[in-house]
file final-v8.cif (mmCIF, C-alpha atoms and all ligand atoms)
data_input
#
loop_
_atom_site.group_PDB
_atom_site.id
_atom_site.type_symbol
_atom_site.label_atom_id
_atom_site.label_comp_id
_atom_site.auth_asym_id
_atom_site.auth_seq_id
_atom_site.Cartn_x
_atom_site.Cartn_y
_atom_site.Cartn_z
ATOM 1 C CA MET P 27 45.215 127.795 114.469
ATOM 2 C CA SER P 28 47.577 124.939 113.699
ATOM 3 C CA ARG P 29 48.014 122.718 116.689
ATOM 4 C CA VAL P 30 51.146 120.767 117.565
ATOM 5 C CA PRO P 31 50.716 117.032 116.863
ATOM 6 C CA VAL P 32 51.562 114.876 119.883
ATOM 7 C CA GLY P 33 52.019 111.109 120.166
ATOM 8 C CA VAL P 34 51.108 109.451 123.460
ATOM 9 C CA LEU P 35 52.745 106.186 124.562
ATOM 10 C CA VAL P 36 50.678 104.014 126.915
ATOM 11 C CA SER P 37 50.640 100.570 128.492
ATOM 12 C CA GLY P 38 47.502 100.427 130.609
ATOM 13 C CA SER P 39 44.423 102.179 131.875
ATOM 14 C CA GLY P 40 45.222 105.506 130.253
ATOM 15 C CA THR P 41 43.657 107.959 132.672
ATOM 16 C CA ASN P 42 46.484 110.400 131.989
ATOM 17 C CA LEU P 43 45.928 109.830 128.285
ATOM 18 C CA GLN P 44 42.281 110.742 128.880
ATOM 19 C CA ALA P 45 43.309 114.010 130.524
ATOM 20 C CA LEU P 46 45.494 114.810 127.502
ATOM 21 C CA LEU P 47 42.746 113.815 125.044
ATOM 22 C CA ASP P 48 40.253 116.019 126.881
ATOM 23 C CA ALA P 49 42.671 118.956 126.890
ATOM 24 C CA GLY P 50 43.488 118.407 123.227
ATOM 25 C CA ALA P 51 39.799 118.497 122.333
ATOM 26 C CA ALA P 52 39.260 121.853 124.029
ATOM 27 C CA PRO P 53 39.095 124.921 121.782
ATOM 28 C CA GLY P 54 42.276 126.932 121.861
ATOM 29 C CA PHE P 55 44.501 124.190 123.286
ATOM 30 C CA PRO P 56 47.805 124.408 121.395
ATOM 31 C CA ALA P 57 48.349 120.632 120.998
ATOM 32 C CA ARG P 58 46.312 117.780 119.596
ATOM 33 C CA ILE P 59 46.779 114.066 120.183
ATOM 34 C CA ALA P 60 47.668 112.693 116.740
ATOM 35 C CA VAL P 61 48.303 109.052 117.657
ATOM 36 C CA VAL P 62 48.224 106.763 120.676
ATOM 37 C CA ILE P 63 50.628 103.810 120.764
ATOM 38 C CA SER P 64 50.368 100.945 123.238
ATOM 39 C CA ASN P 65 52.939 98.187 123.770
ATOM 40 C CA ARG P 66 50.245 95.999 125.298
ATOM 41 C CA PRO P 67 47.135 94.650 123.552
ATOM 42 C CA ALA P 68 43.574 95.119 124.788
ATOM 43 C CA VAL P 69 44.279 97.867 127.299
ATOM 44 C CA ALA P 70 41.714 100.508 128.214
ATOM 45 C CA ALA P 71 43.990 103.229 126.857
ATOM 46 C CA LEU P 72 43.446 101.947 123.304
ATOM 47 C CA ASP P 73 39.681 102.108 123.822
ATOM 48 C CA ARG P 74 39.994 105.679 125.094
ATOM 49 C CA ALA P 75 41.877 106.668 121.934
ATOM 50 C CA ALA P 76 39.291 105.009 119.711
ATOM 51 C CA ALA P 77 36.443 106.676 121.598
ATOM 52 C CA ALA P 78 38.112 110.038 121.034
ATOM 53 C CA GLY P 79 38.543 109.314 117.327
ATOM 54 C CA VAL P 80 42.327 109.283 117.594
ATOM 55 C CA PRO P 81 44.373 106.653 115.711
ATOM 56 C CA ALA P 82 45.323 103.860 118.118
ATOM 57 C CA VAL P 83 48.284 101.660 117.275
ATOM 58 C CA LEU P 84 49.443 98.471 118.977
ATOM 59 C CA ILE P 85 53.184 97.810 118.853
ATOM 60 C CA ASP P 86 53.638 94.780 121.064
ATOM 61 C CA HIS P 87 57.150 94.733 122.501
ATOM 62 C CA ARG P 88 57.216 90.953 122.914
ATOM 63 C CA PRO P 89 58.060 89.916 119.335
ATOM 64 C CA TYR P 90 61.145 92.146 119.588
ATOM 65 C CA ARG P 91 62.556 89.738 122.189
ATOM 66 C CA GLY P 92 64.565 92.279 124.135
ATOM 67 C CA ASP P 93 65.781 94.198 121.081
ATOM 68 C CA ARG P 94 64.833 97.575 122.520
ATOM 69 C CA ALA P 95 66.391 99.506 119.654
ATOM 70 C CA ALA P 96 64.279 97.696 117.059
ATOM 71 C CA PHE P 97 61.151 98.218 119.171
ATOM 72 C CA ASP P 98 61.943 101.910 119.478
ATOM 73 C CA ALA P 99 62.523 102.138 115.714
ATOM 74 C CA ALA P 100 58.996 100.831 115.214
ATOM 75 C CA LEU P 101 57.686 103.477 117.637
ATOM 76 C CA VAL P 102 59.568 106.204 115.767
ATOM 77 C CA ALA P 103 58.120 105.040 112.428
ATOM 78 C CA ALA P 104 54.566 105.133 113.797
ATOM 79 C CA LEU P 105 55.108 108.563 115.358
ATOM 80 C CA ARG P 106 56.669 109.989 112.206
ATOM 81 C CA ALA P 107 53.803 108.579 110.123
ATOM 82 C CA ARG P 108 51.564 111.024 112.012
ATOM 83 C CA SER P 109 54.092 113.918 111.842
ATOM 84 C CA VAL P 110 54.371 113.954 115.635
ATOM 85 C CA GLU P 111 56.470 116.775 117.139
ATOM 86 C CA TRP P 112 56.243 115.919 120.855
ATOM 87 C CA VAL P 113 55.951 112.530 122.572
ATOM 88 C CA ALA P 114 54.191 112.089 125.912
ATOM 89 C CA CYS P 115 54.655 108.890 127.905
ATOM 90 C CA ALA P 116 51.546 108.239 129.986
ATOM 91 C CA GLY P 117 51.882 105.107 132.076
ATOM 92 C CA PHE P 118 54.214 103.659 129.425
ATOM 93 C CA MET P 119 56.090 100.802 131.052
ATOM 94 C CA ARG P 120 59.113 100.482 128.735
ATOM 95 C CA VAL P 121 62.497 102.181 129.058
ATOM 96 C CA LEU P 122 63.252 104.200 125.927
ATOM 97 C CA THR P 123 66.551 103.991 124.057
ATOM 98 C CA PRO P 124 68.523 106.658 122.157
ATOM 99 C CA VAL P 125 66.787 105.436 118.979
ATOM 100 C CA LEU P 126 63.607 107.182 120.087
ATOM 101 C CA LEU P 127 65.175 109.901 122.232
ATOM 102 C CA ASP P 128 67.483 111.060 119.416
ATOM 103 C CA ALA P 129 64.536 111.115 117.000
ATOM 104 C CA PHE P 130 62.734 113.595 119.295
ATOM 105 C CA PRO P 131 65.572 115.372 121.108
ATOM 106 C CA GLY P 132 64.363 117.159 124.235
ATOM 107 C CA ARG P 133 60.790 116.494 123.159
ATOM 108 C CA VAL P 134 59.790 113.415 125.135
ATOM 109 C CA LEU P 135 57.718 113.935 128.297
ATOM 110 C CA ASN P 136 56.940 111.523 131.114
ATOM 111 C CA ILE P 137 54.793 111.673 134.204
ATOM 112 C CA HIS P 138 55.885 109.913 137.377
ATOM 113 C CA PRO P 139 53.800 109.496 140.554
ATOM 114 C CA ALA P 140 56.379 110.893 142.995
ATOM 115 C CA LEU P 141 58.199 114.103 143.745
ATOM 116 C CA LEU P 142 61.398 113.232 141.894
ATOM 117 C CA PRO P 143 64.259 112.754 142.502
ATOM 118 C CA ALA P 144 62.657 110.846 145.388
ATOM 119 C CA PHE P 145 61.185 107.441 144.588
ATOM 120 C CA PRO P 146 62.052 106.754 140.956
ATOM 121 C CA GLY P 147 61.160 103.448 139.348
ATOM 122 C CA LEU P 148 58.304 101.100 140.117
ATOM 123 C CA HIS P 149 55.780 101.397 142.964
ATOM 124 C CA ALA P 150 56.642 105.006 143.713
ATOM 125 C CA GLN P 151 53.568 105.483 145.892
ATOM 126 C CA ARG P 152 54.450 102.403 147.975
ATOM 127 C CA GLN P 153 58.017 103.690 148.301
ATOM 128 C CA ALA P 154 56.655 107.006 149.586
ATOM 129 C CA LEU P 155 54.436 105.324 152.177
ATOM 130 C CA GLU P 156 57.262 103.070 153.340
ATOM 131 C CA ALA P 157 59.551 106.085 153.702
ATOM 132 C CA GLY P 158 56.941 107.774 155.887
ATOM 133 C CA VAL P 159 56.837 111.049 153.971
ATOM 134 C CA ALA P 160 54.131 113.580 154.850
ATOM 135 C CA ILE P 161 53.862 115.047 151.366
ATOM 136 C CA ALA P 162 53.785 113.076 148.111
ATOM 137 C CA GLY P 163 53.002 114.091 144.560
ATOM 138 C CA CYS P 164 53.853 113.769 140.900
ATOM 139 C CA THR P 165 56.433 115.056 138.452
ATOM 140 C CA VAL P 166 56.396 115.746 134.729
ATOM 141 C CA HIS P 167 59.907 115.588 133.337
ATOM 142 C CA LEU P 168 61.808 115.359 130.097
ATOM 143 C CA VAL P 169 62.936 111.827 129.377
ATOM 144 C CA ASP P 170 66.639 111.042 129.172
ATOM 145 C CA ASP P 171 68.270 107.628 129.022
ATOM 146 C CA GLY P 172 67.931 107.008 132.766
ATOM 147 C CA VAL P 173 64.879 105.865 134.700
ATOM 148 C CA ASP P 174 62.905 108.939 135.829
ATOM 149 C CA THR P 175 66.060 111.083 135.816
ATOM 150 C CA GLY P 176 65.459 113.763 133.166
ATOM 151 C CA PRO P 177 65.054 117.526 133.772
ATOM 152 C CA ILE P 178 62.048 118.332 135.966
ATOM 153 C CA LEU P 179 59.392 120.406 134.225
ATOM 154 C CA ALA P 180 56.685 120.652 136.885
ATOM 155 C CA GLN P 181 55.536 119.068 140.120
ATOM 156 C CA ALA P 182 52.324 118.886 142.127
ATOM 157 C CA ALA P 183 52.255 118.006 145.808
ATOM 158 C CA VAL P 184 49.494 116.209 147.700
ATOM 159 C CA PRO P 185 49.267 115.405 151.411
ATOM 160 C CA VAL P 186 49.714 111.919 152.799
ATOM 161 C CA HIS P 187 46.880 111.082 155.184
ATOM 162 C CA ALA P 188 47.440 108.999 158.288
ATOM 163 C CA GLN P 189 45.073 106.271 157.140
ATOM 164 C CA ASP P 190 46.361 106.105 153.537
ATOM 165 C CA ASP P 191 47.071 102.786 151.906
ATOM 166 C CA GLU P 192 48.751 102.509 148.507
ATOM 167 C CA ALA P 193 45.438 102.704 146.628
ATOM 168 C CA ALA P 194 44.224 105.811 148.450
ATOM 169 C CA LEU P 195 47.498 107.664 147.994
ATOM 170 C CA SER P 196 47.736 106.593 144.341
ATOM 171 C CA ALA P 197 44.245 107.945 143.640
ATOM 172 C CA ARG P 198 45.060 111.304 145.237
ATOM 173 C CA ILE P 199 48.299 111.572 143.252
ATOM 174 C CA LEU P 200 46.537 110.515 140.058
ATOM 175 C CA ALA P 201 44.023 113.356 140.371
ATOM 176 C CA ALA P 202 46.969 115.757 140.603
ATOM 177 C CA GLU P 203 48.581 114.078 137.569
ATOM 178 C CA HIS P 204 45.473 114.742 135.503
ATOM 179 C CA ARG P 205 45.702 118.467 136.261
ATOM 180 C CA LEU P 206 49.460 118.770 135.826
ATOM 181 C CA TYR P 207 50.140 116.876 132.596
ATOM 182 C CA PRO P 208 47.903 118.950 130.269
ATOM 183 C CA GLU P 209 49.398 122.151 131.661
ATOM 184 C CA VAL P 210 52.921 120.987 130.861
ATOM 185 C CA LEU P 211 51.855 119.806 127.413
ATOM 186 C CA ARG P 212 50.563 123.323 126.829
ATOM 187 C CA TRP P 213 53.976 124.773 127.715
ATOM 188 C CA ALA P 214 55.642 122.287 125.389
ATOM 189 C CA ALA P 215 53.331 123.001 122.478
ATOM 190 C CA GLU P 216 53.723 126.735 122.960
ATOM 191 C CA GLY P 217 57.508 126.342 122.734
ATOM 192 C CA ARG P 218 58.086 127.876 126.157
ATOM 193 C CA ILE P 219 60.369 125.220 127.657
ATOM 194 C CA GLU P 220 64.094 125.980 127.910
ATOM 195 C CA VAL P 221 66.675 123.631 129.420
ATOM 196 C CA GLU P 222 70.092 124.747 130.583
ATOM 197 C CA GLY P 223 72.491 122.590 132.544
ATOM 198 C CA GLY P 224 69.761 120.088 133.326
ATOM 199 C CA ARG P 225 67.504 122.785 134.794
ATOM 200 C CA VAL P 226 64.268 123.956 133.235
ATOM 201 C CA ARG P 227 62.872 127.421 132.718
ATOM 202 C CA VAL P 228 59.401 127.965 131.317
ATOM 203 C CA ARG P 229 58.957 131.339 129.691
ATOM 204 C CA GLY P 230 55.969 133.154 131.163
ATOM 205 C CA ALA P 231 55.567 130.757 134.081
ATOM 206 C CA ALA P 232 56.971 132.023 137.370
ATOM 207 C CA ILE P 233 55.868 128.865 139.180
ATOM 208 C CA ARG P 234 56.214 125.295 137.966
ATOM 209 C CA GLY P 235 54.467 123.622 140.838
ATOM 210 C CA SER P 236 51.311 123.411 142.854
ATOM 211 C CA ALA P 237 50.294 122.061 146.231
ATOM 212 C CA TRP P 238 46.893 120.449 146.678
HETATM 213 C C1 LIG Z 1 50.372 106.986 136.600
HETATM 214 O O1 LIG Z 1 50.419 106.998 138.002
HETATM 215 C C2 LIG Z 1 51.677 107.474 136.029
HETATM 216 O O2 LIG Z 1 52.264 108.491 136.785
HETATM 217 C C3 LIG Z 1 52.526 106.251 136.073
HETATM 218 O O3 LIG Z 1 51.666 105.191 135.734
HETATM 219 C C4 LIG Z 1 50.323 105.556 136.053
HETATM 220 C C5 LIG Z 1 49.559 105.466 134.777
HETATM 221 O O4 LIG Z 1 48.185 105.601 134.965
HETATM 222 N N1 LIG Z 1 53.667 106.396 135.210
HETATM 223 P P1 LIG Z 1 47.249 105.806 133.709
HETATM 224 O O5 LIG Z 1 47.532 104.693 132.701
HETATM 225 O O6 LIG Z 1 47.522 107.153 133.123
HETATM 226 O O7 LIG Z 1 45.869 105.693 134.244
#
call {"tool": "encode", "arguments": {"input": "final-v8.cif", "output": "C-alpha cells", "more": "lines below"}}
Ligand code: GRF
result
Amino acid sequence: MSRVPVGVLVSGSGTNLQALLDAGAAPGFPARIAVVISNRPAVAALDRAAAAGVPAVLIDHRPYRGDRAAFDAALVAALRARSVEWVACAGFMRVLTPVLLDAFPGRVLNIHPALLPAFPGLHAQRQALEAGVAIAGCTVHLVDDGVDTGPILAQAAVPVHAQDDEAALSARILAAEHRLYPEVLRWAAEGRIEVEGGRVRVRGAAIRGSAW
C-alpha cells in the first residue's frame, strides 16, 4: 500500500505531532509523516521526529526578518523535497501566506484548541474560561489566509469543570486533540474531504464531531 506523504509544521512540544507519528506508524494507516519542520530550534517536537526516524528540519523564521513570503518559500522547498502531498500544522505558531497555501491548495490542516469560530487566535483556552462557557473543545480545519478561519473539518467537545484553571482545561482539550487529528488526517489521505461554499463534507462519515 502506498501511503500519502505528509509534512508536519511545529513550533513547540509536539504532542499533536506525536499523535500523528503514532498513527502514521500503525499498519494500514493511509498516511505517513515524511518530514517535520520546526521554525524554532531545540524544541521537543524535533526530538520526537528524530526518535521516530522521521527527517526533522529546522527553518528558523528569524533570519527572514519579517519576510513571510520568503520564509514560506523555504517551507515549500523543504516539503517538496520530500514529495509531501498534505501539510499538517501542529502547534505551528506562524501565519502562513499564499506562497505556501497556493503550493498546497486545500491541503493544509490546522488544529486549534477551541470550538471555532469561537475563540480564534492565541490563548483560546483562557478565552473560553473568561467567557464562562460550559463546553470547550478543539477544531481541525483547513487553513486559509485568515487566523483560524478556514473550513471546519471536525470538532471534539469536552466539558469545562467548575474548578478548571487554564492548565487543567488545556490538558483535557489536548487529549481530545490527540484523538481527533489522526482521524482527520485519515480522511485527508483517503481523499474523502470535499469543500463547497466553505462547508465540508466527508464521504463516508455521517458525523464529524465527538463529545467527551
Ligand atoms: C495545541 O493545543 C494546538 O491546538 C495549538 O497549540 C498546541 C500545540 O501543542 N495550536 P503540541 O505542540 O501539539 O503539544
call {"tool": "residues_around", "arguments": {"input": "final-v8.cif", "residues": "Pro185 in chain P", "least_positions_apart": "3", "cutoff": "7 Å", "atoms": "only C-alpha atoms", "output": "list in words"}}
result
Ala160, Ile161 and Ala162 of chain P
call {"tool": "resolve_selection", "arguments": {"input": "final-v8.cif", "expression": "the PyMOL selection byres (((chain P and resi 125) around 7) and not hetatm)", "output": "JSON, numbers by chain"}}
result
{"P": [95, 98, 99, 123, 124, 126, 127, 128, 129]}
call {"tool": "closest_atom_pairs", "arguments": {"input": "final-v8.cif", "of": "chain P", "to": "ligand LIG 1 (chain Z)", "cutoff": "8 Å", "atoms": "only C-alpha atoms and all ligand atoms", "output": "JSON lines"}}
result
{"residue": "P:Val36", "atom": "CA", "partner": "Z:LIG1", "partner_atom": "O5", "distance": 6.6}
{"residue": "P:Ser37", "atom": "CA", "partner": "Z:LIG1", "partner_atom": "O5", "distance": 6.7}
{"residue": "P:Gly38", "atom": "CA", "partner": "Z:LIG1", "partner_atom": "O5", "distance": 4.8}
{"residue": "P:Ser39", "atom": "CA", "partner": "Z:LIG1", "partner_atom": "O5", "distance": 4.1}
{"residue": "P:Gly40", "atom": "CA", "partner": "Z:LIG1", "partner_atom": "O5", "distance": 3.5}
{"residue": "P:Thr41", "atom": "CA", "partner": "Z:LIG1", "partner_atom": "O7", "distance": 3.5}
{"residue": "P:Asn42", "atom": "CA", "partner": "Z:LIG1", "partner_atom": "O6", "distance": 3.6}
{"residue": "P:Leu43", "atom": "CA", "partner": "Z:LIG1", "partner_atom": "O6", "distance": 5.8}
{"residue": "P:Gln44", "atom": "CA", "partner": "Z:LIG1", "partner_atom": "O6", "distance": 7.6}
{"residue": "P:Ala71", "atom": "CA", "partner": "Z:LIG1", "partner_atom": "O5", "distance": 7.0}
{"residue": "P:Cys115", "atom": "CA", "partner": "Z:LIG1", "partner_atom": "N1", "distance": 7.8}
{"residue": "P:Ala116", "atom": "CA", "partner": "Z:LIG1", "partner_atom": "O6", "distance": 5.2}
{"residue": "P:Gly117", "atom": "CA", "partner": "Z:LIG1", "partner_atom": "C5", "distance": 3.6}
{"residue": "P:Phe118", "atom": "CA", "partner": "Z:LIG1", "partner_atom": "N1", "distance": 6.4}
{"residue": "P:Met119", "atom": "CA", "partner": "Z:LIG1", "partner_atom": "N1", "distance": 7.4}
{"residue": "P:Asn136", "atom": "CA", "partner": "Z:LIG1", "partner_atom": "N1", "distance": 7.3}
{"residue": "P:Ile137", "atom": "CA", "partner": "Z:LIG1", "partner_atom": "O2", "distance": 4.8}
{"residue": "P:His138", "atom": "CA", "partner": "Z:LIG1", "partner_atom": "O2", "distance": 3.9}
{"residue": "P:Pro139", "atom": "CA", "partner": "Z:LIG1", "partner_atom": "O2", "distance": 4.2}
{"residue": "P:Ala140", "atom": "CA", "partner": "Z:LIG1", "partner_atom": "O2", "distance": 7.8}
{"residue": "P:Cys164", "atom": "CA", "partner": "Z:LIG1", "partner_atom": "O2", "distance": 6.9}
{"residue": "P:Thr165", "atom": "CA", "partner": "Z:LIG1", "partner_atom": "O2", "distance": 8.0}
{"residue": "P:Ser196", "atom": "CA", "partner": "Z:LIG1", "partner_atom": "O1", "distance": 6.9}
{"residue": "P:Ile199", "atom": "CA", "partner": "Z:LIG1", "partner_atom": "O1", "distance": 7.3}
{"residue": "P:Leu200", "atom": "CA", "partner": "Z:LIG1", "partner_atom": "O1", "distance": 5.6}
{"residue": "P:Glu203", "atom": "CA", "partner": "Z:LIG1", "partner_atom": "O2", "distance": 6.7}
call {"tool": "resolve_selection", "arguments": {"input": "final-v8.cif", "expression": "the PyMOL selection byres (((chain P and resi 75-90) around 8) and not hetatm)", "output": "NGL selection string"}}
result
:P and (47 or 59-67 or 71-74 or 91-94 or 96-97 or 100-101 or 104)
call {"tool": "resolve_selection", "arguments": {"input": "final-v8.cif", "expression": "the PyMOL selection byres (((chain P and resi 205-213) around 7) and not hetatm)", "output": "list in words"}}
result
Ala45, Leu46, Ala49, Pro56, Ala57, Val166, Ala182, Ala201, Ala202, Glu203, His204, Ala214, Ala215, Glu216, Gly217, Arg218 and Ile219 of chain P
call {"tool": "closest_residue", "arguments": {"input": "final-v8.cif", "among": "P:Ile233, P:Trp238, P:Val134, P:Asp174", "to": "Val186 in chain P", "atoms": "all atoms listed in the file"}}
result
P:Trp238
call {"tool": "residues_around", "arguments": {"input": "final-v8.cif", "residues": "Leu135 in chain P", "least_positions_apart": "6", "cutoff": "7 Å", "atoms": "only C-alpha atoms", "output": "PyMOL selection string"}}
result
chain P and resi 113-115+166-169
call {"tool": "closest_residue", "arguments": {"input": "final-v8.cif", "among": "P:Ala188, P:Leu179, P:Ala193, P:Met27", "to": "Ala150 in chain P", "atoms": "only C-alpha atoms"}}
result
P:Ala193
call {"tool": "residues_around", "arguments": {"input": "final-v8.cif", "residues": "Val110 in chain P", "least_positions_apart": "6", "cutoff": "6 Å", "atoms": "all atoms listed in the file", "output": "short mmCIF file (atom, residue, chain, number, x, y, z; two decimals) with C-alpha atoms, keeping the file's coordinate frame"}}
result
data_model
loop_
_atom_site.label_atom_id
_atom_site.label_comp_id
_atom_site.auth_asym_id
_atom_site.auth_seq_id
_atom_site.Cartn_x
_atom_site.Cartn_y
_atom_site.Cartn_z
CA PRO P 31 50.72 117.03 116.86
CA VAL P 32 51.56 114.88 119.88
CA GLY P 33 52.02 111.11 120.17
#
call {"tool": "closest_residue", "arguments": {"input": "final-v8.cif", "among": "P:Pro131, P:Ala231, P:Arg29, P:Ala68", "to": "Ala52 in chain P", "atoms": "only C-alpha atoms"}}
result
P:Arg29
call {"tool": "closest_residue", "arguments": {"input": "final-v8.cif", "among": "P:Ala157, P:Leu148, P:Val221, P:Val226", "to": "Ala180 in chain P", "atoms": "only C-alpha atoms"}}
result
P:Val226
call {"tool": "atom_distance", "arguments": {"input": "final-v8.cif", "atom1": "CA of Val228 in chain P", "atom2": "CA of Pro177 in chain P"}}
result
12.1 Å
call {"tool": "atom_distance", "arguments": {"input": "final-v8.cif", "atom1": "CA of Ala194 in chain P", "atom2": "CA of Gly50 in chain P"}}
result
28.2 Å
call {"tool": "closest_residue", "arguments": {"input": "final-v8.cif", "among": "P:Asp48, P:Leu122, P:Arg225, P:Arg108", "to": "Asp171 in chain P", "atoms": "only C-alpha atoms"}}
result
P:Leu122
call {"tool": "closest_residue", "arguments": {"input": "final-v8.cif", "among": "P:Leu195, P:Val34, P:Ala237, P:Val102", "to": "Leu155 in chain P", "atoms": "only C-alpha atoms"}}
result
P:Leu195
call {"tool": "residues_near_point", "arguments": {"input": "final-v8.cif", "point": "(64.0, 111.6, 141.4)", "cutoff": "7 Å", "atoms": "only C-alpha atoms", "output": "JSON, numbers by chain"}}
result
{"P": [141, 142, 143, 144, 145, 146, 174, 175]}
call {"tool": "atom_distance", "arguments": {"input": "final-v8.cif", "atom1": "CA of Val173 in chain P", "atom2": "CA of Gly132 in chain P"}}
result
15.4 Å
call {"tool": "build_atoms", "arguments": {"input": "final-v8.cif", "residues": "range 106-129 of chain P", "atoms": "N, CA and C atoms", "output": "compact mmCIF listing (two decimals), keeping the file's coordinate frame"}}
result
# COMPACT_ATOMS: atom_id res chain seq x y z
N ARG P 106 56.37 109.17 113.39
CA ARG P 106 56.67 109.99 112.21
C ARG P 106 55.54 109.91 111.17
N ALA P 107 54.90 108.75 111.09
CA ALA P 107 53.80 108.58 110.12
C ALA P 107 52.68 109.57 110.40
N ARG P 108 52.59 110.04 111.65
CA ARG P 108 51.56 111.02 112.01
C ARG P 108 52.16 112.41 112.23
N SER P 109 53.42 112.61 111.77
CA SER P 109 54.09 113.92 111.84
C SER P 109 54.17 114.47 113.26
N VAL P 110 54.34 113.55 114.23
CA VAL P 110 54.37 113.95 115.64
C VAL P 110 55.58 114.84 115.93
N GLU P 111 55.37 115.88 116.75
CA GLU P 111 56.47 116.78 117.14
C GLU P 111 56.89 116.59 118.59
N TRP P 112 55.93 116.21 119.46
CA TRP P 112 56.24 115.92 120.86
C TRP P 112 55.69 114.53 121.19
N VAL P 113 56.38 113.85 122.12
CA VAL P 113 55.95 112.53 122.57
C VAL P 113 55.68 112.62 124.06
N ALA P 114 54.53 112.10 124.48
CA ALA P 114 54.19 112.09 125.91
C ALA P 114 54.00 110.64 126.38
N CYS P 115 54.84 110.21 127.30
CA CYS P 115 54.66 108.89 127.90
C CYS P 115 53.61 109.04 129.01
N ALA P 116 52.62 108.15 128.99
CA ALA P 116 51.55 108.24 129.99
C ALA P 116 51.27 106.83 130.51
N GLY P 117 52.00 106.47 131.57
CA GLY P 117 51.88 105.11 132.08
C GLY P 117 52.51 104.10 131.13
N PHE P 118 53.53 104.53 130.40
CA PHE P 118 54.21 103.66 129.43
C PHE P 118 55.32 102.91 130.16
N MET P 119 55.26 101.59 130.15
CA MET P 119 56.09 100.80 131.05
C MET P 119 57.34 100.23 130.38
N ARG P 120 57.88 100.92 129.37
CA ARG P 120 59.11 100.48 128.74
C ARG P 120 60.15 101.59 128.86
N VAL P 121 61.41 101.20 129.03
CA VAL P 121 62.50 102.18 129.06
C VAL P 121 62.89 102.50 127.62
N LEU P 122 62.95 103.79 127.30
CA LEU P 122 63.25 104.20 125.93
C LEU P 122 64.76 104.24 125.69
N THR P 123 65.14 103.98 124.43
CA THR P 123 66.55 103.99 124.06
C THR P 123 66.86 105.26 123.26
N PRO P 124 68.16 105.50 122.98
CA PRO P 124 68.52 106.66 122.16
C PRO P 124 67.87 106.64 120.77
N VAL P 125 67.43 105.47 120.31
CA VAL P 125 66.79 105.44 118.98
C VAL P 125 65.58 106.36 118.97
N LEU P 126 64.78 106.30 120.02
CA LEU P 126 63.61 107.18 120.09
C LEU P 126 64.00 108.57 120.60
N LEU P 127 64.84 108.61 121.63
CA LEU P 127 65.18 109.90 122.23
C LEU P 127 65.91 110.82 121.25
N ASP P 128 66.76 110.24 120.39
CA ASP P 128 67.48 111.06 119.42
C ASP P 128 66.58 111.49 118.26
N ALA P 129 65.49 110.74 118.05
CA ALA P 129 64.54 111.12 117.00
C ALA P 129 63.68 112.32 117.43
